[in-house]
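Asks: What follows is a single structure, and I will ask about it in a moment.
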Number of protein chains: 2
Amino acid sequence: MTERPDTNPELDLVLERVVDVPHELVWRAWTEPEHLVRWFTPAPWQTVACEIDLRPGGRFRTVMRSPDGVDMPANDGCYLEIERHRRLVWTDALLPGYRPAPEPFMTAMILLEPEGTGTRYVAIAMHRDAEARQRHEDMGFADGWGKALDQLVTVAKEL
Amino acid sequence: MTERPDTNPELDLVLERVVDVPHELVWRAWTEPEHLVRWFTPAPWQTVACEIDLRPGGRFRTVMRSPDGVDMPANDGCYLEIERHRRLVWTDALLPGYRPAPEPFMTAMILLEPEGTGTRYVAIAMHRDAEARQRHEDMGFADGWGKALDQLVTVAKEL
């Protein structure tokens with residue numbers, strides 16, 4: 001697998017699963033806005049906007065809509081590392097162009113590796129402290145990211 | 001000049017000057033710890049420790065000592081972009097490995113371009129808000145970074 005960081009169970013949340021779609025299609029679902037909006041938020045939440053500028057320092061911005069139809073403040077951040085088909089790192093601690101963000105929460109890393117005809121999928125969310133990690137867990141990280149991954153697989157199979 | 005970002009005068013501080021040492025030597029003064037400690041902090045302050053792991057996500061850590069001999073808490077952060085001899089970007093908003101930092105303050109960008117036998121030197125400090133920018137200005141950005149640059153030139157000429 002592409003260089004996998006040491007994770008810290010007190011600060012990080014990890015989702016790891018083997019999914020039955022090729023890693024090239026998982027990559028497309030993560031990096032093409034028209035596909036990402038279809039799976040990124042667990043239903044009945046929706047992602048109603050997505051901007052992707054796929055280069056270090058480039059923008060990754062999404063807007064989520066609640067089941068009641070209320071749009072949340074945009075999640076704005078930037079990419080840090082892009083290794084096509086293998087490794088995607090971004091953070092909301094920095095805005096596009098690397099300016100420190102007013103409300104940093106996490107850095108996320110998606111690692112993809114071919115496994116049989118499918119993909120070993122590892123998603124890591126890194127937080128500044130145990131409180132932020134706990135808050136993310138309480139928000140439903142495992143269930144939410146897992147359900148979103150199910151949706152990703154459905155979308156990726158149609159690509 | 002290597003890609004220069006749009007700066008925002010309300011959020012950024014900029015030092016630009018032409019110095020009479022080649023850009024390769026300015027680069028060495030910025031990226032080799034044994035040289036950096038000699039110029040990084042305006043005298044009578046000192047830099048008494050420096051760790052450089054020159055890759056995206058790698059550590060850039062310094063410790064400053066006050067004129068009274070008191071060591072400050074370490075400044076810890078990571079590199080974001082490294083374009084040898086030309087462009088160095090790091091932030092203290094992310095710790096090494098990109099984990100969000102507890103106390104983010106700025107992202108810094110050093111841009112170097114050959115000019116005659118010397119170097120056009122541009123240092124940009126980007127802040128999250130106008131308050132942080134003002135605090136940095138009040139801490140003596142222009143004088144401090146300018147004096148450190150004078151020291152850098154002295155060190156670089158000996159390389």
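By order in the structure tokens, chains are A, B, ...; within a chain, residues start at 1; ligands start at 1, following the order shown.
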If you run DSSP on the backbone here, which positions in chain B get strand (DSSP E)? Please write them as a PyMOL selection string.

Replies: chain B and resi 12-19+46-52+59-65+75-83+87-91+106-115+118-127

Asks: Please return, as a count of residues only, all residues of stretch 9-154 of chain A that DSSP assigns to helix (DSSP H, G or I) on the basis of the backbone.

Replies: 42

Asks: Select, as number ranges by chain, those residues of chain A with any atom no more than 10 Å from chain B (distances computed using only C-alpha atoms).

Replies: A: 5-6, 11-12, 56-57, 80-81, 89-95, 97-109, 125-129

Asks: Take atom CA of B:His23 and atom CA of B:Thr119 and report the distance between them in Å, one decimal.

Replies: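 Atom-to-atom, atom CA of B:His23 to atom CA of B:Thr119, that is 5.2 Å.
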
Asks: At a cut-off of 12 Å, using only C-alpha atoms, what residues contact A:Pro114? Leave out same-chain residues fewer than 3 positions from it and give the result as an mmCIF file with N, CA, C and O atoms, in the first residue's frame.

Replies:
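Contents of part32.cif, as written:
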```
data_model
loop_
_atom_site.group_PDB
_atom_site.id
_atom_site.type_symbol
_atom_site.label_atom_id
_atom_site.label_comp_id
_atom_site.auth_asym_id
_atom_site.auth_seq_id
_atom_site.Cartn_x
_atom_site.Cartn_y
_atom_site.Cartn_z
ATOM 1 N N MET A 1 0.854 -1.196 0.000
ATOM 2 C CA MET A 1 0.000 0.000 0.000
ATOM 3 C C MET A 1 0.886 1.242 0.000
ATOM 4 O O MET A 1 1.959 1.255 0.572
ATOM 5 N N THR A 2 0.422 2.270 -0.685
ATOM 6 C CA THR A 2 1.145 3.537 -0.676
ATOM 7 C C THR A 2 1.384 3.958 0.773
ATOM 8 O O THR A 2 0.604 3.653 1.648
ATOM 9 N N ARG A 17 -11.784 -0.947 4.597
ATOM 10 C CA ARG A 17 -12.674 -1.965 4.050
ATOM 11 C C ARG A 17 -12.199 -2.342 2.640
ATOM 12 O O ARG A 17 -11.584 -1.522 1.959
ATOM 13 N N VAL A 18 -12.487 -3.570 2.229
ATOM 14 C CA VAL A 18 -12.248 -3.941 0.828
ATOM 15 C C VAL A 18 -13.573 -3.816 0.091
ATOM 16 O O VAL A 18 -14.595 -4.353 0.546
ATOM 17 N N VAL A 19 -13.565 -3.061 -0.992
ATOM 18 C CA VAL A 19 -14.787 -2.847 -1.778
ATOM 19 C C VAL A 19 -14.595 -3.457 -3.168
ATOM 20 O O VAL A 19 -13.463 -3.581 -3.648
ATOM 21 N N ASP A 20 -15.708 -3.836 -3.795
ATOM 22 C CA ASP A 20 -15.604 -4.597 -5.046
ATOM 23 C C ASP A 20 -15.707 -3.723 -6.302
ATOM 24 O O ASP A 20 -16.421 -4.060 -7.237
ATOM 25 N N VAL A 21 -14.981 -2.606 -6.255
ATOM 26 C CA VAL A 21 -14.809 -1.808 -7.478
ATOM 27 C C VAL A 21 -13.330 -1.470 -7.629
ATOM 28 O O VAL A 21 -12.615 -1.326 -6.625
ATOM 29 N N PRO A 22 -12.859 -1.353 -8.878
ATOM 30 C CA PRO A 22 -11.437 -1.059 -9.095
ATOM 31 C C PRO A 22 -11.041 0.304 -8.523
ATOM 32 O O PRO A 22 -11.857 1.228 -8.498
ATOM 33 N N HIS A 23 -9.780 0.392 -8.097
ATOM 34 C CA HIS A 23 -9.358 1.620 -7.423
ATOM 35 C C HIS A 23 -9.398 2.832 -8.346
ATOM 36 O O HIS A 23 -9.599 3.956 -7.885
ATOM 37 N N GLU A 24 -9.255 2.620 -9.670
ATOM 38 C CA GLU A 24 -9.337 3.761 -10.588
ATOM 39 C C GLU A 24 -10.728 4.412 -10.530
ATOM 40 O O GLU A 24 -10.858 5.624 -10.695
ATOM 41 N N LEU A 25 -11.752 3.572 -10.316
ATOM 42 C CA LEU A 25 -13.111 4.126 -10.270
ATOM 43 C C LEU A 25 -13.394 4.767 -8.913
ATOM 44 O O LEU A 25 -14.107 5.776 -8.838
ATOM 45 N N VAL A 26 -12.832 4.209 -7.855
ATOM 46 C CA VAL A 26 -12.954 4.860 -6.546
ATOM 47 C C VAL A 26 -12.311 6.248 -6.626
ATOM 48 O O VAL A 26 -12.856 7.243 -6.140
ATOM 49 N N TRP A 27 -11.166 6.293 -7.275
ATOM 50 C CA TRP A 27 -10.462 7.580 -7.443
ATOM 51 C C TRP A 27 -11.335 8.591 -8.188
ATOM 52 O O TRP A 27 -11.441 9.755 -7.789
ATOM 53 N N HIS A 85 -4.861 7.751 -8.276
ATOM 54 C CA HIS A 85 -5.383 6.389 -8.084
ATOM 55 C C HIS A 85 -4.960 5.763 -6.749
ATOM 56 O O HIS A 85 -5.346 4.618 -6.474
ATOM 57 N N ARG A 86 -4.157 6.467 -5.958
ATOM 58 C CA ARG A 86 -3.557 5.826 -4.797
ATOM 59 C C ARG A 86 -3.754 6.570 -3.481
ATOM 60 O O ARG A 86 -3.984 5.936 -2.450
ATOM 61 N N LEU A 111 -6.487 6.260 1.158
ATOM 62 C CA LEU A 111 -5.463 5.394 0.571
ATOM 63 C C LEU A 111 -6.163 4.266 -0.174
ATOM 64 O O LEU A 111 -7.065 3.618 0.375
ATOM 65 N N THR A 117 -10.034 -8.081 -7.632
ATOM 66 C CA THR A 117 -10.654 -7.209 -8.634
ATOM 67 C C THR A 117 -11.192 -5.936 -7.989
ATOM 68 O O THR A 117 -11.841 -5.131 -8.653
ATOM 69 N N GLY A 118 -10.961 -5.801 -6.685
ATOM 70 C CA GLY A 118 -11.499 -4.650 -5.971
ATOM 71 C C GLY A 118 -10.417 -3.740 -5.426
ATOM 72 O O GLY A 118 -9.319 -3.627 -5.985
ATOM 73 N N THR A 119 -10.723 -3.115 -4.306
ATOM 74 C CA THR A 119 -9.848 -2.083 -3.742
ATOM 75 C C THR A 119 -9.824 -2.169 -2.219
ATOM 76 O O THR A 119 -10.878 -2.259 -1.582
ATOM 77 N N ARG A 120 -8.630 -2.175 -1.668
ATOM 78 C CA ARG A 120 -8.524 -1.943 -0.220
ATOM 79 C C ARG A 120 -8.590 -0.439 -0.001
ATOM 80 O O ARG A 120 -7.782 0.309 -0.538
ATOM 81 N N TYR A 121 -9.588 -0.036 0.782
ATOM 82 C CA TYR A 121 -9.920 1.379 0.956
ATOM 83 C C TYR A 121 -9.658 1.757 2.406
ATOM 84 O O TYR A 121 -10.228 1.152 3.324
ATOM 85 N N VAL A 122 -8.782 2.720 2.610
ATOM 86 C CA VAL A 122 -8.477 3.181 3.963
ATOM 87 C C VAL A 122 -8.713 4.688 4.022
ATOM 88 O O VAL A 122 -8.135 5.445 3.234
#
```

Asks: Which residue, B:Val70, B:Ile124, B:Ala148, B:Ala132, has the smallest gap to B:Trp30 when you use only C-alpha atoms?

Replies: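 Comparing B:Val70, B:Ile124, B:Ala148, B:Ala132 against B:Trp30, the winner is B:Ala148.
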